[in-house]
$ cat entry39.txt   # compact mmCIF, C-alpha atoms
# COMPACT_ATOMS: atom_id res chain seq x y z
CA MET A 130 -166.20 85.50 -43.93
CA ASN A 131 -166.44 88.83 -42.21
CA LEU A 132 -163.49 91.21 -41.84
CA LEU A 133 -162.64 90.11 -38.30
CA ALA A 134 -162.73 86.43 -39.17
CA ALA A 135 -160.59 87.05 -42.24
CA ARG A 136 -158.02 88.96 -40.15
CA MET A 137 -157.90 86.24 -37.50
CA SER A 138 -157.44 83.60 -40.16
CA THR A 139 -154.50 85.51 -41.65
CA GLU A 140 -152.86 86.00 -38.25
CA PHE A 141 -153.22 82.32 -37.44
CA ALA A 142 -151.51 81.41 -40.67
CA ARG A 143 -148.58 83.64 -39.83
CA GLU A 144 -147.93 82.14 -36.39
CA PRO A 145 -145.51 79.24 -35.98
CA ALA A 146 -147.51 76.45 -34.45
CA GLN A 147 -147.78 72.77 -33.92
CA SER A 148 -150.90 71.37 -35.49
CA GLU A 149 -152.60 68.49 -33.78
CA GLY A 150 -150.96 65.29 -34.94
CA ASP A 151 -148.14 67.17 -36.67
CA ASP A 152 -144.78 66.23 -35.18
CA GLU A 153 -142.87 68.56 -37.51
CA PRO A 154 -144.09 72.05 -36.63
CA SER A 155 -142.95 75.20 -38.38
CA VAL A 156 -140.53 77.56 -36.67
CA PRO A 157 -138.62 80.68 -37.79
CA VAL A 158 -135.71 79.61 -39.97
CA GLU A 159 -133.36 81.47 -37.63
CA VAL A 160 -134.14 78.85 -34.97
CA LEU A 161 -132.94 76.07 -37.27
CA GLU A 162 -129.82 78.09 -38.11
CA ALA A 163 -129.17 78.68 -34.41
CA ILE A 164 -129.24 74.93 -33.69
CA ASP A 165 -126.60 74.36 -36.36
CA ASN A 166 -124.63 77.33 -35.08
CA LEU A 167 -124.76 76.11 -31.49
CA ALA A 168 -123.71 72.62 -32.59
CA GLU A 169 -120.52 74.21 -33.88
CA GLY A 170 -119.94 75.83 -30.51
CA ASN A 171 -120.67 79.38 -31.63
CA THR A 172 -121.95 81.29 -28.63
CA ALA A 173 -122.16 84.99 -27.76
CA SER A 174 -120.04 86.49 -25.02
CA LYS A 175 -121.12 89.05 -22.44
CA ASP A 176 -119.01 91.70 -24.20
CA GLU A 177 -120.67 90.98 -27.56
CA ILE A 178 -124.10 91.32 -25.96
CA GLU A 179 -123.16 94.50 -24.12
CA ALA A 180 -121.88 96.05 -27.35
CA VAL A 181 -125.37 96.13 -28.93
CA LEU A 182 -127.33 97.44 -25.96
CA LYS A 183 -129.16 100.71 -26.59
CA PHE A 184 -129.67 101.71 -22.96
CA MET B 284 -138.91 55.18 -4.78
CA ALA B 285 -138.83 57.76 -7.54
CA HIS B 286 -136.42 60.64 -7.07
CA ILE B 287 -138.19 64.00 -7.33
CA PRO B 288 -135.76 66.93 -7.45
CA LEU B 289 -137.03 69.90 -5.48
CA GLY B 290 -134.31 72.29 -6.52
CA GLY B 291 -133.12 75.31 -4.66
CA SER B 292 -129.34 75.09 -4.67
CA GLU B 293 -128.88 74.94 -8.42
CA GLU B 294 -127.61 78.00 -10.29
CA THR B 295 -129.19 78.90 -13.62
CA HIS B 296 -126.80 79.72 -16.46
CA ILE B 297 -127.78 81.14 -19.83
CA ILE B 298 -125.95 80.28 -23.04
CA PHE B 299 -126.65 82.55 -26.00
CA ASP B 300 -126.33 81.45 -29.61
CA GLY B 301 -123.59 83.34 -31.45
CA ARG B 302 -126.14 85.32 -33.47
CA PHE B 303 -128.01 86.51 -30.41
CA PRO B 304 -126.33 89.95 -30.46
CA ASN B 305 -127.70 90.46 -34.01
CA HIS B 306 -131.22 89.64 -32.85
CA LEU B 307 -130.82 91.81 -29.77
CA ALA B 308 -129.56 94.72 -31.85
CA SER B 309 -132.82 94.75 -33.83
CA LEU B 310 -134.87 95.40 -30.68
CA SER B 311 -135.69 98.80 -29.20
CA ALA B 312 -134.00 99.81 -25.95
CA SER B 313 -137.15 99.02 -23.96
CA GLU B 314 -137.56 95.62 -25.59
CA GLN B 315 -133.90 94.82 -24.96
CA ARG B 316 -134.42 95.67 -21.32
CA ASN B 317 -137.64 93.63 -21.14
CA LEU B 318 -135.87 90.59 -22.57
CA LEU B 319 -132.78 90.75 -20.37
CA THR B 320 -134.90 91.49 -17.30
CA LYS B 321 -137.09 88.46 -17.99
CA LEU B 322 -134.06 86.18 -18.32
CA ARG B 323 -132.44 87.73 -15.25
CA ASN B 324 -135.59 87.20 -13.17
CA ILE B 325 -135.89 83.56 -14.25
CA ALA B 326 -132.21 82.95 -13.51
CA LYS B 327 -132.58 84.49 -10.05
CA GLU B 328 -135.43 82.24 -9.01
CA THR B 329 -134.68 79.18 -6.94
CA ALA B 330 -137.34 77.25 -8.85
CA PRO B 331 -136.10 75.50 -12.00
CA PRO B 332 -136.47 77.61 -15.17
CA ASP B 333 -138.71 75.16 -16.99
CA GLY B 334 -141.53 76.43 -14.81
CA TYR B 335 -141.37 79.75 -16.65
CA VAL B 336 -141.81 78.32 -20.14
CA TYR B 337 -144.79 79.95 -21.85
CA GLU B 338 -145.35 77.21 -24.40
CA GLN B 339 -143.51 74.46 -26.25
CA ILE B 340 -143.10 73.83 -29.96
CA GLY B 341 -141.71 70.35 -30.46
CA ASN B 342 -138.88 70.17 -27.95
CA LEU B 343 -138.34 73.94 -28.04
CA ASP B 344 -139.21 76.02 -25.00
CA ILE B 345 -140.79 79.40 -25.67
CA ILE B 346 -140.37 82.18 -23.12
CA LYS B 347 -142.59 85.24 -23.34
CA PHE B 348 -140.82 88.51 -22.53
CA SER B 349 -143.41 91.06 -23.66
CA GLU B 350 -146.89 91.15 -25.15
CA ALA B 351 -145.62 89.91 -28.52
CA GLY B 352 -141.97 89.12 -27.78
CA ARG B 353 -140.84 85.50 -27.58
CA VAL B 354 -137.52 83.80 -26.91
CA TYR B 355 -136.98 80.46 -28.60
CA ALA B 356 -134.92 78.45 -26.16
CA LYS B 357 -134.07 75.04 -24.78
CA VAL B 358 -134.21 74.65 -21.03
CA VAL B 359 -132.14 71.91 -19.41
CA THR B 360 -132.55 71.36 -15.68
CA PHE B 361 -130.74 69.56 -12.87
CA ILE B 362 -127.30 68.88 -14.28
CA PRO B 363 -125.03 67.10 -13.95
CA GLU B 364 -127.15 64.09 -13.17
CA GLY B 365 -126.58 62.67 -9.72
CA ASN B 366 -124.94 65.81 -8.32
CA THR B 367 -127.07 68.62 -9.66
CA ASN B 368 -125.62 72.11 -9.48
CA TYR B 369 -126.99 73.87 -12.54
CA HIS B 370 -129.86 74.63 -14.85
CA ILE B 371 -129.13 75.93 -18.36
CA ILE B 372 -131.23 78.04 -20.71
CA TYR B 373 -129.96 77.91 -24.30
CA VAL B 374 -131.22 81.05 -26.07
CA LEU B 375 -131.56 80.37 -29.77
CA TYR B 376 -133.63 83.18 -31.26
CA VAL B 377 -135.46 86.32 -30.26
CA ASP B 378 -138.75 87.06 -31.96
CA GLU B 379 -139.95 90.60 -31.49
CA ASP B 380 -143.40 90.63 -33.09
CA HIS B 381 -144.43 86.97 -33.27
CA GLU B 382 -145.62 87.28 -36.85
CA TYR B 383 -144.21 85.52 -39.87
CA ASP B 384 -144.57 85.20 -43.56
CA GLN B 385 -144.55 81.61 -44.75
CA GLY B 386 -141.15 82.06 -46.41
CA GLU B 387 -139.62 82.89 -43.03
CA LEU B 388 -140.63 79.55 -41.54
CA GLY B 389 -138.96 76.17 -41.78
CA LYS B 390 -139.99 72.67 -40.75
CA PHE B 391 -138.72 71.76 -37.31
CA SER B 392 -138.00 68.22 -38.41
CA GLN B 393 -137.41 65.20 -36.22
CA GLN B 394 -133.76 65.40 -37.23
CA ALA B 395 -133.53 69.02 -36.08
CA GLN B 396 -135.24 68.15 -32.80
CA GLN B 397 -132.87 65.24 -32.25
CA LYS B 398 -129.90 67.50 -33.01
CA LEU B 399 -131.14 70.01 -30.43
CA ASP B 400 -131.52 67.24 -27.86
CA MET B 401 -128.05 65.95 -28.67
CA ILE B 402 -126.23 69.27 -28.31
CA THR B 403 -128.04 70.10 -25.07
CA ASP B 404 -127.53 66.64 -23.55
CA LEU B 405 -124.70 67.07 -21.06
CA ASP B 406 -124.64 63.50 -19.75
CA THR B 407 -121.28 62.90 -21.41
CA VAL B 408 -119.77 66.22 -20.32
CA GLU B 409 -117.29 65.42 -17.58
CA ASP B 410 -116.56 68.97 -16.45
CA VAL B 411 -119.72 71.07 -16.54
CA GLU B 412 -117.97 74.14 -15.12
CA SER B 413 -115.49 74.13 -18.00
CA TYR B 414 -118.34 73.56 -20.47
CA LEU B 415 -120.20 76.60 -19.12
CA GLU B 416 -117.07 78.75 -19.33
CA GLU B 417 -116.24 77.60 -22.86
CA HIS B 418 -119.78 78.42 -23.97
CA ASN B 419 -119.76 81.94 -22.46
CA SER B 420 -122.60 81.21 -20.05
CA LEU B 421 -124.03 84.13 -18.09
CA THR B 422 -125.63 84.11 -14.65
CA ALA B 423 -128.24 86.39 -13.09
CA ASP B 424 -125.40 88.53 -11.73
CA ASP B 425 -123.96 88.91 -15.24
CA LEU B 426 -127.36 90.02 -16.52
CA ASP B 427 -127.64 92.44 -13.60
CA GLY B 428 -124.36 93.91 -14.78
CA LEU B 429 -125.72 94.35 -18.31
CA LEU B 430 -128.95 95.90 -17.05
CA ASP B 431 -127.20 98.25 -14.64
CA GLY B 432 -124.26 99.05 -16.89

$ encode --input "entry39.txt" --output "structure tokens"
Amino acid sequence: MNLLAARMSTEFAREPAQSEGDDEPSVPVEVLEAIDNLAEGNTASKDEIEAVLKF
Amino acid sequence: MAHIPLGGSEETHIIFDGRFPNHLASLSASEQRNLLTKLRNIAKETAPPDGYVYEQIGNLDIIKFSEAGRVYAKVVTFIPEGNTNYHIIYVLYVDEDHEYDQGELGKFSQQAQQKLDMITDLDTVEDVESYLEEHNSLTADDLDGLLDG
């Protein structure tokens, strides 16, 4: 495997993706936490969003 | 005859997960602006927001806001059923660089996908306006205010 192929292989492994025939893909764990969080009704307000803006 | 909604009069609302400010705070000023501008532009369009989904993972909708930036979301269109006034984009997570180590990933199980469908299914919500208010939904005008503020 040349250097480019090795790099592409590594990058592919680090991407969340749905493999063919795989109905349980991998996603960032924060997504799973957000679903639980949203189920509990925890949402962000406009003021909370505005408070972290850097521009 | 099948009913095919054309859209046009519906207003798009965006509901942000409670941890969204933490994700947003980790972005640079330009990336923050890119993200909010992308969501604002989608919300301003008369076309339903599912047309702006970059890709799907399971029942998640992925919106691309920069070369490597992705928003993990769930887009729900034409609600309430029968008298459609709204589309909703649920923003779950902001991914700045689209790269992960294996330990940062989790299985998006059938149960998790069903849970996402359940909490974004508004068929049983009698008062959608109250629901949107209770969940701090923002419109394109609200995002304009954040971008111009």

$ closest_atom_pairs --input "entry39.txt" --of "chain B" --to "chain A" --cutoff "9 Å" --atoms "all atoms listed in the file" --output "JSON lines"
{"residue": "B:Ile298", "atom": "CA", "partner": "A:Thr172", "partner_atom": "CA", "distance": 6.9}
{"residue": "B:Phe299", "atom": "CA", "partner": "A:Ala173", "partner_atom": "CA", "distance": 5.4}
{"residue": "B:Asp300", "atom": "CA", "partner": "A:Thr172", "partner_atom": "CA", "distance": 4.5}
{"residue": "B:Gly301", "atom": "CA", "partner": "A:Thr172", "partner_atom": "CA", "distance": 3.9}
{"residue": "B:Arg302", "atom": "CA", "partner": "A:Ala173", "partner_atom": "CA", "distance": 7.0}
{"residue": "B:Phe303", "atom": "CA", "partner": "A:Ala173", "partner_atom": "CA", "distance": 6.6}
{"residue": "B:Pro304", "atom": "CA", "partner": "A:Ile178", "partner_atom": "CA", "distance": 5.2}
{"residue": "B:Asn305", "atom": "CA", "partner": "A:Val181", "partner_atom": "CA", "distance": 8.0}
{"residue": "B:Leu307", "atom": "CA", "partner": "A:Val181", "partner_atom": "CA", "distance": 7.0}
{"residue": "B:Ala308", "atom": "CA", "partner": "A:Val181", "partner_atom": "CA", "distance": 5.3}
{"residue": "B:Leu310", "atom": "CA", "partner": "A:Lys183", "partner_atom": "CA", "distance": 8.8}
{"residue": "B:Ser311", "atom": "CA", "partner": "A:Lys183", "partner_atom": "CA", "distance": 7.3}
{"residue": "B:Ala312", "atom": "CA", "partner": "A:Lys183", "partner_atom": "CA", "distance": 5.0}
{"residue": "B:Ser313", "atom": "CA", "partner": "A:Phe184", "partner_atom": "CA", "distance": 8.0}
{"residue": "B:Gln315", "atom": "CA", "partner": "A:Leu182", "partner_atom": "CA", "distance": 7.1}
{"residue": "B:Arg316", "atom": "CA", "partner": "A:Phe184", "partner_atom": "CA", "distance": 7.9}
{"residue": "B:Gln339", "atom": "CA", "partner": "A:Gln147", "partner_atom": "CA", "distance": 8.9}
{"residue": "B:Ile340", "atom": "CA", "partner": "A:Gln147", "partner_atom": "CA", "distance": 6.2}
{"residue": "B:Gly341", "atom": "CA", "partner": "A:Pro154", "partner_atom": "CA", "distance": 6.8}
{"residue": "B:Tyr355", "atom": "CA", "partner": "A:Val160", "partner_atom": "CA", "distance": 7.2}
{"residue": "B:Ala356", "atom": "CA", "partner": "A:Val160", "partner_atom": "CA", "distance": 8.9}
{"residue": "B:Val374", "atom": "CA", "partner": "A:Ala163", "partner_atom": "CA", "distance": 8.9}
{"residue": "B:Leu375", "atom": "CA", "partner": "A:Ala163", "partner_atom": "CA", "distance": 5.5}
{"residue": "B:Tyr376", "atom": "CA", "partner": "A:Val160", "partner_atom": "CA", "distance": 5.7}
{"residue": "B:Val377", "atom": "CA", "partner": "A:Val160", "partner_atom": "CA", "distance": 8.9}
{"residue": "B:Asp378", "atom": "CA", "partner": "A:Pro157", "partner_atom": "CA", "distance": 8.6}
{"residue": "B:His381", "atom": "CA", "partner": "A:Glu144", "partner_atom": "CA", "distance": 6.7}
{"residue": "B:Glu382", "atom": "CA", "partner": "A:Arg143", "partner_atom": "CA", "distance": 5.6}
{"residue": "B:Tyr383", "atom": "CA", "partner": "A:Arg143", "partner_atom": "CA", "distance": 4.8}
{"residue": "B:Asp384", "atom": "CA", "partner": "A:Arg143", "partner_atom": "CA", "distance": 5.7}
{"residue": "B:Gln385", "atom": "CA", "partner": "A:Arg143", "partner_atom": "CA", "distance": 6.7}
{"residue": "B:Gly386", "atom": "CA", "partner": "A:Val158", "partner_atom": "CA", "distance": 8.8}
{"residue": "B:Glu387", "atom": "CA", "partner": "A:Pro157", "partner_atom": "CA", "distance": 5.8}
{"residue": "B:Leu388", "atom": "CA", "partner": "A:Pro157", "partner_atom": "CA", "distance": 4.4}
{"residue": "B:Gly389", "atom": "CA", "partner": "A:Val158", "partner_atom": "CA", "distance": 5.1}
{"residue": "B:Lys390", "atom": "CA", "partner": "A:Ser155", "partner_atom": "CA", "distance": 4.6}
{"residue": "B:Phe391", "atom": "CA", "partner": "A:Glu153", "partner_atom": "CA", "distance": 5.2}
{"residue": "B:Ser392", "atom": "CA", "partner": "A:Glu153", "partner_atom": "CA", "distance": 5.0}
{"residue": "B:Gln393", "atom": "CA", "partner": "A:Glu153", "partner_atom": "CA", "distance": 6.5}
{"residue": "B:Ala395", "atom": "CA", "partner": "A:Leu161", "partner_atom": "CA", "distance": 7.2}
{"residue": "B:Gln396", "atom": "CA", "partner": "A:Glu153", "partner_atom": "CA", "distance": 9.0}
{"residue": "B:Lys398", "atom": "CA", "partner": "A:Ile164", "partner_atom": "CA", "distance": 7.5}
{"residue": "B:Leu399", "atom": "CA", "partner": "A:Ile164", "partner_atom": "CA", "distance": 6.2}
{"residue": "B:Met401", "atom": "CA", "partner": "A:Ala168", "partner_atom": "CA", "distance": 8.9}
{"residue": "B:Ile402", "atom": "CA", "partner": "A:Ala168", "partner_atom": "CA", "distance": 6.0}
{"residue": "B:Glu417", "atom": "CA", "partner": "A:Gly170", "partner_atom": "CA", "distance": 8.7}
{"residue": "B:His418", "atom": "CA", "partner": "A:Thr172", "partner_atom": "CA", "distance": 5.9}
{"residue": "B:Asn419", "atom": "CA", "partner": "A:Ser174", "partner_atom": "CA", "distance": 5.2}
{"residue": "B:Ser420", "atom": "CA", "partner": "A:Ser174", "partner_atom": "CA", "distance": 7.7}
{"residue": "B:Leu421", "atom": "CA", "partner": "A:Lys175", "partner_atom": "CA", "distance": 7.2}
{"residue": "B:Asp425", "atom": "CA", "partner": "A:Lys175", "partner_atom": "CA", "distance": 7.7}
{"residue": "B:Leu426", "atom": "CA", "partner": "A:Lys175", "partner_atom": "CA", "distance": 8.7}
{"residue": "B:Leu429", "atom": "CA", "partner": "A:Glu179", "partner_atom": "CA", "distance": 6.4}
{"residue": "B:Leu430", "atom": "CA", "partner": "A:Phe184", "partner_atom": "CA", "distance": 8.3}
{"residue": "B:Gly432", "atom": "CA", "partner": "A:Phe184", "partner_atom": "CA", "distance": 8.6}

$ closest_residue --input "entry39.txt" --among "B:Asp344, B:Glu350, B:Glu416, B:Asp424" --to "Ile372 in chain B" --atoms "all atoms listed in the file"
B:Asp344

$ atom_distance --input "entry39.txt" --atom1 "CA of Asn368 in chain B" --atom2 "CA of Thr329 in chain B"
11.8 Å

$ closest_residue --input "entry39.txt" --among "B:Glu293, B:Asp380, B:Asp427, B:Asp406" --to "Pro331 in chain B" --atoms "only C-alpha atoms"
B:Glu293

$ closest_residue --input "entry39.txt" --among "B:Leu322, B:Val358, B:Ala351, B:Ala423" --to "Glu379 in chain B" --atoms "only C-alpha atoms"
B:Ala351

$ atom_distance --input "entry39.txt" --atom1 "CA of Asp404 in chain B" --atom2 "CA of Thr295 in chain B"
15.9 Å

$ residues_around --input "entry39.txt" --residues "Glu412 in chain B" --least-positions-apart "2" --cutoff "12 Å" --atoms "all atoms listed in the file" --output "tab-separated table (two decimals) with C-alpha atoms, in the coordinates of the input"
chain	number	residue	atom	x	y	z
B	294	GLU	CA	-127.61	78.00	-10.29
B	296	HIS	CA	-126.80	79.72	-16.46
B	362	ILE	CA	-127.30	68.88	-14.28
B	363	PRO	CA	-125.03	67.10	-13.95
B	367	THR	CA	-127.07	68.62	-9.66
B	368	ASN	CA	-125.62	72.11	-9.48
B	369	TYR	CA	-126.99	73.87	-12.54
B	370	HIS	CA	-129.86	74.63	-14.85
B	371	ILE	CA	-129.13	75.93	-18.36
B	405	LEU	CA	-124.70	67.07	-21.06
B	408	VAL	CA	-119.77	66.22	-20.32
B	409	GLU	CA	-117.29	65.42	-17.58
B	410	ASP	CA	-116.56	68.97	-16.45
B	414	TYR	CA	-118.34	73.56	-20.47
B	415	LEU	CA	-120.20	76.60	-19.12
B	416	GLU	CA	-117.07	78.75	-19.33
B	417	GLU	CA	-116.24	77.60	-22.86
B	418	HIS	CA	-119.78	78.42	-23.97
B	419	ASN	CA	-119.76	81.94	-22.46
B	420	SER	CA	-122.60	81.21	-20.05

$ atom_distance --input "entry39.txt" --atom1 "CA of Leu343 in chain B" --atom2 "CA of Asp400 in chain B"
9.6 Å

$ build_atoms --input "entry39.txt" --residues "range 171-184 of chain A" --atoms "N, CA and C atoms" --output "PDB file, keeping the file's coordinate frame"
ATOM      1  N   ASN A 171    -120.667  77.920 -31.497  1.00  0.00           N
ATOM      2  CA  ASN A 171    -120.670  79.380 -31.630  1.00  0.00           C
ATOM      3  C   ASN A 171    -121.650  79.994 -30.632  1.00  0.00           C
ATOM      4  N   THR A 172    -121.111  80.637 -29.632  1.00  0.00           N
ATOM      5  CA  THR A 172    -121.950  81.290 -28.630  1.00  0.00           C
ATOM      6  C   THR A 172    -121.533  82.752 -28.482  1.00  0.00           C
ATOM      7  N   ALA A 173    -122.441  83.549 -27.932  1.00  0.00           N
ATOM      8  CA  ALA A 173    -122.160  84.990 -27.760  1.00  0.00           C
ATOM      9  C   ALA A 173    -121.603  85.252 -26.372  1.00  0.00           C
ATOM     10  N   SER A 174    -120.629  86.140 -26.307  1.00  0.00           N
ATOM     11  CA  SER A 174    -120.040  86.490 -25.020  1.00  0.00           C
ATOM     12  C   SER A 174    -120.778  87.680 -24.398  1.00  0.00           C
ATOM     13  N   LYS A 175    -120.515  87.912 -23.134  1.00  0.00           N
ATOM     14  CA  LYS A 175    -121.120  89.050 -22.440  1.00  0.00           C
ATOM     15  C   LYS A 175    -120.720  90.364 -23.123  1.00  0.00           C
ATOM     16  N   ASP A 176    -119.472  90.469 -23.534  1.00  0.00           N
ATOM     17  CA  ASP A 176    -119.010  91.700 -24.200  1.00  0.00           C
ATOM     18  C   ASP A 176    -119.734  91.931 -25.521  1.00  0.00           C
ATOM     19  N   GLU A 177    -119.964  90.847 -26.273  1.00  0.00           N
ATOM     20  CA  GLU A 177    -120.670  90.980 -27.560  1.00  0.00           C
ATOM     21  C   GLU A 177    -122.112  91.412 -27.344  1.00  0.00           C
ATOM     22  N   ILE A 178    -122.721  90.916 -26.270  1.00  0.00           N
ATOM     23  CA  ILE A 178    -124.100  91.320 -25.960  1.00  0.00           C
ATOM     24  C   ILE A 178    -124.130  92.776 -25.510  1.00  0.00           C
ATOM     25  N   GLU A 179    -123.204  93.123 -24.648  1.00  0.00           N
ATOM     26  CA  GLU A 179    -123.160  94.500 -24.120  1.00  0.00           C
ATOM     27  C   GLU A 179    -122.950  95.512 -25.243  1.00  0.00           C
ATOM     28  N   ALA A 180    -122.218  95.122 -26.267  1.00  0.00           N
ATOM     29  CA  ALA A 180    -121.880  96.050 -27.350  1.00  0.00           C
ATOM     30  C   ALA A 180    -123.094  96.519 -28.151  1.00  0.00           C
ATOM     31  N   VAL A 181    -124.201  95.759 -28.116  1.00  0.00           N
ATOM     32  CA  VAL A 181    -125.370  96.130 -28.930  1.00  0.00           C
ATOM     33  C   VAL A 181    -126.501  96.733 -28.095  1.00  0.00           C
ATOM     34  N   LEU A 182    -126.270  96.888 -26.805  1.00  0.00           N
ATOM     35  CA  LEU A 182    -127.330  97.440 -25.960  1.00  0.00           C
ATOM     36  C   LEU A 182    -127.546  98.921 -26.264  1.00  0.00           C
ATOM     37  N   LYS A 183    -128.793  99.336 -26.256  1.00  0.00           N
ATOM     38  CA  LYS A 183    -129.160 100.710 -26.590  1.00  0.00           C
ATOM     39  C   LYS A 183    -129.521 101.528 -25.352  1.00  0.00           C
ATOM     40  N   PHE A 184    -129.352 100.957 -24.180  1.00  0.00           N
ATOM     41  CA  PHE A 184    -129.670 101.710 -22.960  1.00  0.00           C
ATOM     42  C   PHE A 184    -128.453 101.803 -22.061  1.00  0.00           C
TER      43      PHE A 184
END
